[in-house]
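A.B. asks: model21.pdb is reproduced below (PDB, C-alpha atoms and all ligand atoms).
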```pdb
ATOM      1  CA  MET A   1       2.818 -13.175  -8.971  1.00  0.00           C
ATOM      2  CA  MET A   2      -0.875 -12.589  -9.421  1.00  0.00           C
ATOM      3  CA  GLN A   3      -1.698 -10.728 -12.648  1.00  0.00           C
ATOM      4  CA  GLN A   4      -4.927  -8.798 -12.750  1.00  0.00           C
ATOM      5  CA  ILE A   5      -6.681  -5.711 -14.029  1.00  0.00           C
ATOM      6  CA  TYR A   6      -6.453  -2.773 -11.618  1.00  0.00           C
ATOM      7  CA  PRO A   7      -8.716   0.267 -11.423  1.00  0.00           C
ATOM      8  CA  ALA A   8      -7.130   3.138 -13.339  1.00  0.00           C
ATOM      9  CA  ALA A   9      -6.252   6.467 -11.751  1.00  0.00           C
ATOM     10  CA  THR A  10      -7.069   9.298 -14.165  1.00  0.00           C
ATOM     11  CA  HIS A  11      -4.397  11.946 -14.777  1.00  0.00           C
ATOM     12  CA  ASP A  12      -2.686  13.825 -17.585  1.00  0.00           C
ATOM     13  CA  TYR A  13       0.951  13.199 -16.723  1.00  0.00           C
ATOM     14  CA  SER A  14       3.195  11.990 -19.551  1.00  0.00           C
ATOM     15  CA  PHE A  15       4.549   8.921 -17.735  1.00  0.00           C
ATOM     16  CA  GLU A  16       2.816   6.350 -15.558  1.00  0.00           C
ATOM     17  CA  ILE A  17       4.544   3.326 -14.088  1.00  0.00           C
ATOM     18  CA  ASN A  18       3.010   0.525 -12.050  1.00  0.00           C
ATOM     19  CA  LYS A  19       4.799  -1.879  -9.743  1.00  0.00           C
ATOM     20  CA  ASP A  20       3.317  -5.128  -8.455  1.00  0.00           C
ATOM     21  CA  PHE A  21       4.805  -6.879  -5.438  1.00  0.00           C
ATOM     22  CA  HIS A  22       3.706  -8.920  -2.478  1.00  0.00           C
ATOM     23  CA  PHE A  23       4.653  -9.319   1.148  1.00  0.00           C
ATOM     24  CA  ALA A  24       3.596 -11.625   3.956  1.00  0.00           C
ATOM     25  CA  ALA A  25       2.622 -10.144   7.299  1.00  0.00           C
ATOM     26  CA  ALA A  26       0.660 -10.907  10.438  1.00  0.00           C
ATOM     27  CA  HIS A  27      -1.814  -8.569  12.089  1.00  0.00           C
ATOM     28  CA  TYR A  28      -4.832  -8.328  14.324  1.00  0.00           C
ATOM     29  CA  ILE A  29      -7.482  -5.677  14.797  1.00  0.00           C
ATOM     30  CA  ALA A  30      -7.757  -4.666  18.452  1.00  0.00           C
ATOM     31  CA  HIS A  31     -11.464  -3.846  18.484  1.00  0.00           C
ATOM     32  CA  ALA A  32     -14.366  -5.746  20.059  1.00  0.00           C
ATOM     33  CA  ASP A  33     -16.323  -5.616  16.762  1.00  0.00           C
ATOM     34  CA  ALA A  34     -13.525  -7.016  14.587  1.00  0.00           C
ATOM     35  CA  GLY A  35     -14.785 -10.625  14.883  1.00  0.00           C
ATOM     36  CA  LYS A  36     -12.227 -13.266  13.953  1.00  0.00           C
ATOM     37  CA  CYS A  37      -9.783 -10.506  12.960  1.00  0.00           C
ATOM     38  CA  LYS A  38      -9.195  -9.862  16.681  1.00  0.00           C
ATOM     39  CA  GLN A  39      -6.985 -12.974  16.602  1.00  0.00           C
ATOM     40  CA  THR A  40      -3.467 -12.702  15.242  1.00  0.00           C
ATOM     41  CA  HIS A  41      -3.445 -14.095  11.700  1.00  0.00           C
ATOM     42  CA  GLY A  42      -1.473 -13.628   8.510  1.00  0.00           C
ATOM     43  CA  HIS A  43      -1.973 -12.623   4.886  1.00  0.00           C
ATOM     44  CA  THR A  44       0.040 -12.459   1.721  1.00  0.00           C
ATOM     45  CA  TYR A  45      -0.700  -8.892   0.666  1.00  0.00           C
ATOM     46  CA  PHE A  46      -0.560  -8.055  -3.055  1.00  0.00           C
ATOM     47  CA  ALA A  47       0.154  -4.436  -3.891  1.00  0.00           C
ATOM     48  CA  ASN A  48       0.051  -2.450  -7.106  1.00  0.00           C
ATOM     49  CA  ILE A  49       1.550   1.027  -6.939  1.00  0.00           C
ATOM     50  CA  THR A  50       0.841   3.717  -9.562  1.00  0.00           C
ATOM     51  CA  ILE A  51       3.418   6.500  -9.952  1.00  0.00           C
ATOM     52  CA  VAL A  52       3.264   9.366 -12.436  1.00  0.00           C
ATOM     53  CA  GLY A  53       5.320  12.327 -13.553  1.00  0.00           C
ATOM     54  CA  ASP A  54       6.430  14.455 -16.461  1.00  0.00           C
ATOM     55  CA  GLU A  55      10.201  14.325 -15.854  1.00  0.00           C
ATOM     56  CA  LEU A  56      12.550  11.347 -15.730  1.00  0.00           C
ATOM     57  CA  GLY A  57      15.586  11.100 -13.456  1.00  0.00           C
ATOM     58  CA  SER A  58      19.185  10.782 -14.726  1.00  0.00           C
ATOM     59  CA  THR A  59      18.670   6.984 -14.961  1.00  0.00           C
ATOM     60  CA  GLY A  60      15.781   7.426 -17.378  1.00  0.00           C
ATOM     61  CA  PHE A  61      13.460   6.136 -14.625  1.00  0.00           C
ATOM     62  CA  LEU A  62      10.567   7.973 -13.016  1.00  0.00           C
ATOM     63  CA  VAL A  63      11.708   5.960  -9.993  1.00  0.00           C
ATOM     64  CA  ASN A  64      13.396   2.577  -9.914  1.00  0.00           C
ATOM     65  CA  PHE A  65      10.754  -0.198  -9.742  1.00  0.00           C
ATOM     66  CA  LYS A  66      13.016  -2.106  -7.331  1.00  0.00           C
ATOM     67  CA  THR A  67      13.170   0.796  -4.882  1.00  0.00           C
ATOM     68  CA  VAL A  68       9.381   0.978  -4.726  1.00  0.00           C
ATOM     69  CA  LYS A  69       9.158  -2.702  -3.850  1.00  0.00           C
ATOM     70  CA  GLU A  70      12.023  -2.673  -1.365  1.00  0.00           C
ATOM     71  CA  LEU A  71      10.716   0.316   0.592  1.00  0.00           C
ATOM     72  CA  ILE A  72       7.695  -1.745   1.589  1.00  0.00           C
ATOM     73  CA  GLU A  73       9.128  -5.254   1.577  1.00  0.00           C
ATOM     74  CA  ARG A  74      12.026  -4.376   3.895  1.00  0.00           C
ATOM     75  CA  ARG A  75       9.689  -2.731   6.356  1.00  0.00           C
ATOM     76  CA  PHE A  76       6.752  -5.152   6.477  1.00  0.00           C
ATOM     77  CA  ASP A  77       7.632  -8.545   4.959  1.00  0.00           C
ATOM     78  CA  HIS A  78       7.422 -11.364   7.534  1.00  0.00           C
ATOM     79  CA  GLY A  79       6.652  -8.887  10.287  1.00  0.00           C
ATOM     80  CA  VAL A  80       3.789  -8.246  12.680  1.00  0.00           C
ATOM     81  CA  LEU A  81       2.119  -5.057  11.463  1.00  0.00           C
ATOM     82  CA  ASN A  82       0.820  -4.157  14.932  1.00  0.00           C
ATOM     83  CA  GLU A  83       4.435  -3.878  16.110  1.00  0.00           C
ATOM     84  CA  ASP A  84       5.379  -1.340  13.430  1.00  0.00           C
ATOM     85  CA  PRO A  85       5.385   2.287  14.626  1.00  0.00           C
ATOM     86  CA  ALA A  86       3.085   3.270  11.749  1.00  0.00           C
ATOM     87  CA  PHE A  87       0.239   1.380  13.431  1.00  0.00           C
ATOM     88  CA  SER A  88      -1.553   1.500  16.761  1.00  0.00           C
ATOM     89  CA  ASN A  89      -3.885  -0.773  18.700  1.00  0.00           C
ATOM     90  CA  LYS A  90      -5.464   2.221  20.440  1.00  0.00           C
ATOM     91  CA  GLN A  91      -6.371   4.742  17.721  1.00  0.00           C
ATOM     92  CA  SER A  92      -8.658   3.352  15.020  1.00  0.00           C
ATOM     93  CA  GLU A  93      -7.211   5.588  12.326  1.00  0.00           C
ATOM     94  CA  PHE A  94      -3.963   3.643  12.803  1.00  0.00           C
ATOM     95  CA  PHE A  95      -5.331   0.089  13.209  1.00  0.00           C
ATOM     96  CA  PRO A  96      -3.595  -2.125  10.626  1.00  0.00           C
ATOM     97  CA  THR A  97      -6.682  -2.549   8.442  1.00  0.00           C
ATOM     98  CA  THR A  98      -6.417  -2.890   4.680  1.00  0.00           C
ATOM     99  CA  GLU A  99      -7.395   0.774   4.353  1.00  0.00           C
ATOM    100  CA  VAL A 100      -4.785   2.031   6.838  1.00  0.00           C
ATOM    101  CA  ILE A 101      -2.043  -0.226   5.454  1.00  0.00           C
ATOM    102  CA  ALA A 102      -2.765   1.079   1.930  1.00  0.00           C
ATOM    103  CA  ARG A 103      -2.583   4.688   3.177  1.00  0.00           C
ATOM    104  CA  THR A 104       0.653   3.928   5.045  1.00  0.00           C
ATOM    105  CA  ILE A 105       2.219   2.384   1.937  1.00  0.00           C
ATOM    106  CA  TYR A 106       1.286   5.554   0.048  1.00  0.00           C
ATOM    107  CA  GLU A 107       2.939   7.728   2.712  1.00  0.00           C
ATOM    108  CA  ILE A 108       6.170   5.693   2.751  1.00  0.00           C
ATOM    109  CA  ILE A 109       6.452   5.765  -1.036  1.00  0.00           C
ATOM    110  CA  GLN A 110       5.534   9.434  -1.454  1.00  0.00           C
ATOM    111  CA  ASP A 111       8.061  10.405   1.252  1.00  0.00           C
ATOM    112  CA  HIS A 112      10.739   8.744  -0.877  1.00  0.00           C
ATOM    113  CA  LEU A 113       9.485  10.286  -4.124  1.00  0.00           C
ATOM    114  CA  ASN A 114       9.689  13.721  -2.490  1.00  0.00           C
ATOM    115  CA  THR A 115      13.475  13.260  -2.203  1.00  0.00           C
ATOM    116  CA  LEU A 116      13.879  12.794  -5.970  1.00  0.00           C
ATOM    117  CA  GLN A 117      14.783  15.696  -8.209  1.00  0.00           C
ATOM    118  CA  ASN A 118      12.170  14.783 -10.839  1.00  0.00           C
ATOM    119  CA  LYS A 119       9.391  14.793  -8.195  1.00  0.00           C
ATOM    120  CA  PRO A 120       7.180  11.867  -9.222  1.00  0.00           C
ATOM    121  CA  LEU A 121       3.813  11.376  -7.533  1.00  0.00           C
ATOM    122  CA  CYS A 122       2.161   8.258  -6.179  1.00  0.00           C
ATOM    123  CA  LEU A 123      -1.434   8.421  -7.429  1.00  0.00           C
ATOM    124  CA  GLN A 124      -2.795   5.096  -6.259  1.00  0.00           C
ATOM    125  CA  VAL A 125      -2.091   2.171  -3.969  1.00  0.00           C
ATOM    126  CA  TYR A 126      -4.098  -0.962  -4.662  1.00  0.00           C
ATOM    127  CA  LEU A 127      -3.781  -3.434  -1.795  1.00  0.00           C
ATOM    128  CA  ARG A 128      -5.319  -6.897  -1.829  1.00  0.00           C
ATOM    129  CA  GLU A 129      -5.536  -8.555   1.589  1.00  0.00           C
ATOM    130  CA  THR A 130      -7.431 -11.735   0.720  1.00  0.00           C
ATOM    131  CA  PRO A 131      -8.731 -13.349  -2.486  1.00  0.00           C
ATOM    132  CA  THR A 132     -12.023 -11.484  -1.878  1.00  0.00           C
ATOM    133  CA  SER A 133     -10.952  -8.210  -0.209  1.00  0.00           C
ATOM    134  CA  TYR A 134      -8.946  -5.219  -1.367  1.00  0.00           C
ATOM    135  CA  CYS A 135      -8.642  -1.459  -0.911  1.00  0.00           C
ATOM    136  CA  VAL A 136      -7.703   1.287  -3.357  1.00  0.00           C
ATOM    137  CA  TYR A 137      -6.150   4.343  -1.721  1.00  0.00           C
ATOM    138  CA  ARG A 138      -5.784   7.597  -3.655  1.00  0.00           C
ATOM    139  CA  PRO A 139      -4.476  10.752  -1.976  1.00  0.00           C
ATOM    140  CA  ARG A 140      -7.071  13.515  -2.051  1.00  0.00           C
ATOM    141  CA  LYS A 141      -4.991  16.425  -3.229  1.00  0.00           C
ATOM    142  CA  VAL A 142      -2.764  15.847  -6.186  1.00  0.00           C
ATOM    143  CA  ASP A 143      -2.196  19.195  -7.904  1.00  0.00           C
ATOM    144  CA  LYS A 144      -0.698  19.449 -11.302  1.00  0.00           C
TER     145      LYS A 144
HETATM  146  N1  LIG A 201     -13.152  -2.731   5.626  1.00  0.00           N
HETATM  147  C1  LIG A 201     -12.448  -3.746   6.190  1.00  0.00           C
HETATM  148  N2  LIG A 201     -13.085  -4.812   6.632  1.00  0.00           N
HETATM  149  C2  LIG A 201     -12.386  -5.840   7.154  1.00  0.00           C
HETATM  150  C3  LIG A 201     -10.971  -5.780   7.236  1.00  0.00           C
HETATM  151  C4  LIG A 201     -10.320  -4.604   6.775  1.00  0.00           C
HETATM  152  O1  LIG A 201      -9.095  -4.480   6.830  1.00  0.00           O
HETATM  153  N3  LIG A 201     -11.094  -3.611   6.267  1.00  0.00           N
HETATM  154  N4  LIG A 201     -10.280  -6.851   7.699  1.00  0.00           N
HETATM  155  C5  LIG A 201     -10.855  -7.957   8.075  1.00  0.00           C
HETATM  156  C6  LIG A 201     -10.022  -9.141   8.471  1.00  0.00           C
HETATM  157  O2  LIG A 201      -8.768  -8.705   8.969  1.00  0.00           O
HETATM  158  C7  LIG A 201      -9.728 -10.202   7.372  1.00  0.00           C
HETATM  159  O3  LIG A 201      -8.339 -10.249   7.146  1.00  0.00           O
HETATM  160  C8  LIG A 201     -10.334 -10.023   6.035  1.00  0.00           C
HETATM  161  O4  LIG A 201     -11.703 -10.306   6.152  1.00  0.00           O
HETATM  162  P1  LIG A 201     -12.648 -11.016   5.094  1.00  0.00           P
HETATM  163  O5  LIG A 201     -12.575 -10.388   3.743  1.00  0.00           O
HETATM  164  O6  LIG A 201     -13.980 -11.065   5.735  1.00  0.00           O
HETATM  165  O7  LIG A 201     -11.954 -12.452   4.970  1.00  0.00           O
HETATM  166  P2  LIG A 201     -12.564 -13.848   4.519  1.00  0.00           P
HETATM  167  O8  LIG A 201     -11.424 -14.606   3.929  1.00  0.00           O
HETATM  168  O9  LIG A 201     -13.254 -14.496   5.673  1.00  0.00           O
HETATM  169  O10 LIG A 201     -13.595 -13.457   3.395  1.00  0.00           O
HETATM  170  P3  LIG A 201     -14.749 -14.336   2.690  1.00  0.00           P
HETATM  171  O11 LIG A 201     -14.930 -13.689   1.353  1.00  0.00           O
HETATM  172  O12 LIG A 201     -15.969 -14.189   3.555  1.00  0.00           O
HETATM  173  O13 LIG A 201     -14.249 -15.736   2.609  1.00  0.00           O
HETATM  174  C9  LIG A 201     -12.319  -8.074   8.118  1.00  0.00           C
HETATM  175  N5  LIG A 201     -13.005  -6.945   7.592  1.00  0.00           N
HETATM  176 ZN    ZN A 202      -6.500  -9.878   8.367  1.00  0.00          ZN
END
```
What does this structure look like when you write it as structure tokens?
C.D. replies:
Amino acid sequence: MMQQIYPAATHDYSFEINKDFHFAAAHYIAHADAGKCKQTHGHTYFANITIVGDELGSTGFLVNFKTVKELIERRFDHGVLNEDPAFSNKQSEFFPTTEVIARTIYEIIQDHLNTLQNKPLCLQVYLRETPTSYCVYRPRKVDK
């Protein structure tokens, strides 16, 4: 697993956890201007997820680290992202770009967090697509 320094999300919650994991997936970008990315190719994506909250669940966890990883790994690992219903080859806001994948990971994780009694929040998804390219997604409205 790659270890690195991630940009920090600022907040004043009492607890912050971070989970690193990776998954392998293929994709292509169905746009004339996408250059070589128009061709199907694969990446090993590295993700770092930041979750915060003030209350712990009955386990003493904000959320189980393993659950965070499995939500994404089960869905995307060794798959073709373009075939997942979260993505589209027709609407650019759903092309499987690094930006859109990061936003989608946020949505999947926050949907799960919303089911927990202690209501943790996902503040940041860091997603590295290649050794030289990554995206940081932070939801716009996080009220405390
Ligand atoms: N803003 C974005 N730009 C590009 C994306 C993207 O998702 N968001 N994706 C691609 C390609 O899919 C490709 O996977 C990554 O491109 P790039 O960083 O250019 O890859 P290289 O390994 O060729 O990078 P070098 O640093 O030039 O070796 C393209 N753009
Ligand atoms: Zn790519």
A.B. asks: Could the residues that lie within 6 Å of ligand LIG 201 (chain A), counting only C-alpha atoms and all ligand atoms, be listed as a CSV table (one decimal) with C-alpha atoms, in the frame of the given file?
C.D. replies:
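File written: selection-v3.csv
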```csv
chain,number,residue,atom,x,y,z
A,37,CYS,CA,-9.8,-10.5,13.0
A,97,THR,CA,-6.7,-2.5,8.4
A,98,THR,CA,-6.4,-2.9,4.7
A,130,THR,CA,-7.4,-11.7,0.7
A,132,THR,CA,-12.0,-11.5,-1.9
A,133,SER,CA,-11.0,-8.2,-0.2
```
A.B. asks: With all atoms listed in the file as the basis for distance, which of A:His11, A:Arg75, A:Arg128, A:His112 is at the shortest distance from ligand ZN 202 (chain A)?
C.D. replies: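 Nearest to ligand ZN 202 (chain A): A:Arg128.
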A.B. asks: Residues within 9 Å of ligand ZN 202 (chain A) should be enumerated using all atoms listed in the file and returned as a PyMOL selection string.
C.D. replies: chain A and resi 26-29+36-43+96-98+129-130
A.B. asks: Using only C-alpha atoms, pick whichever of A:Thr59, A:Asn118, A:Asn18, A:Asn82 has the shortest atom-to-atom distance to Ala47 of chain A.
C.D. replies: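 Using only C-alpha atoms, Ala47 of chain A sits closest to A:Asn18.
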A.B. asks: One decimal, in Å: what's the spacing between atom CA of Leu123 of chain A and atom CA of Thr10 of chain A?
C.D. replies: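 A separation of 8.8 Å between them.
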A.B. asks: With the file shown as input, list the residues that the PyMOL selection byres (((chain A and resi 77) around 10) and not hetatm) selects, as a list in words.
C.D. replies: His22, Phe23, Ala24, Ala25, Ala26, Thr44, Tyr45, Glu70, Ile72, Glu73, Arg74, Arg75, Phe76, His78, Gly79, Val80 and Leu81 of chain A
A.B. asks: On this file, the PyMOL selection byres (((chain A and resi 63) around 10) and not hetatm) gives some set of residues; write that set as a list in words.
C.D. replies: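 Written out, the selection comes to Ile17, Ile51, Val52, Gly53, Leu56, Gly57, Thr59, Gly60, Phe61, Leu62, Asn64, Phe65, Lys66, Thr67, Val68, His112, Leu113, Leu116, Asn118, Lys119, Pro120 and Leu121 of chain A.
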A.B. asks: Care to translate the PyMOL selection byres (((chain A and resi 14) around 6) and not hetatm) into actual residues of this file, as a list of chain:residue names?
C.D. replies: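 Applying the PyMOL selection byres (((chain A and resi 14) around 6) and not hetatm) to the structure shown produces A:Tyr13, A:Phe15, A:Asp54.
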A.B. asks: Check the smallest atom-to-atom distance from each of A:Arg138, A:Asn114, A:Phe95, A:Ile109 to His31 of chain A using only C-alpha atoms, then report the winner.
C.D. replies: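 Using only C-alpha atoms, the shortest distance to His31 of chain A belongs to A:Phe95.
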A.B. asks: Pick out the closest residue to Lys90 of chain A from this set: A:Ile49, A:Ile108, A:Ala8, A:Ala32. Count only C-alpha atoms.
C.D. replies: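 Nearest candidate to Lys90 of chain A out of A:Ile49, A:Ile108, A:Ala8, A:Ala32: A:Ala32.
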A.B. asks: Measuring between only C-alpha atoms, which one of A:Asp20, A:Asp12, A:Glu107, A:Glu83 shows the shortest distance to Tyr137 of chain A?
C.D. replies: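 Among the listed residues, the smallest separation from Tyr137 of chain A belongs to A:Glu107.
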A.B. asks: Compare A:Arg140, A:Gln91, A:Ile5, A:Phe21 by their minimum atom-to-atom distance to Arg103 of chain A, counting only C-alpha atoms, and give me the closest one.
C.D. replies: A:Arg140
A.B. asks: Quick one: axis-aligned box around all listed atoms of segment 123-141 of chain A, 3 Å on every side, centre and edge lengths in Å to one decimal, written as JSON.
C.D. replies:
```
{"center_x": -6.7, "center_y": 1.5, "center_z": -2.9, "size_x": 16.6, "size_y": 35.8, "size_z": 15.0}
```
A.B. asks: What does the distance from atom CA of Ser58 of chain A to atom CA of Cys122 of chain A come to in Å, to one decimal?
C.D. replies: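 Those two atoms sit 19.2 Å apart.
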A.B. asks: Rounded to one decimal, what separation in Å do you get between atom CA of Ile101 of chain A and atom CA of Tyr134 of chain A?
C.D. replies: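 According to the coordinates, atom CA of Ile101 of chain A and atom CA of Tyr134 of chain A are separated by 10.9 Å.
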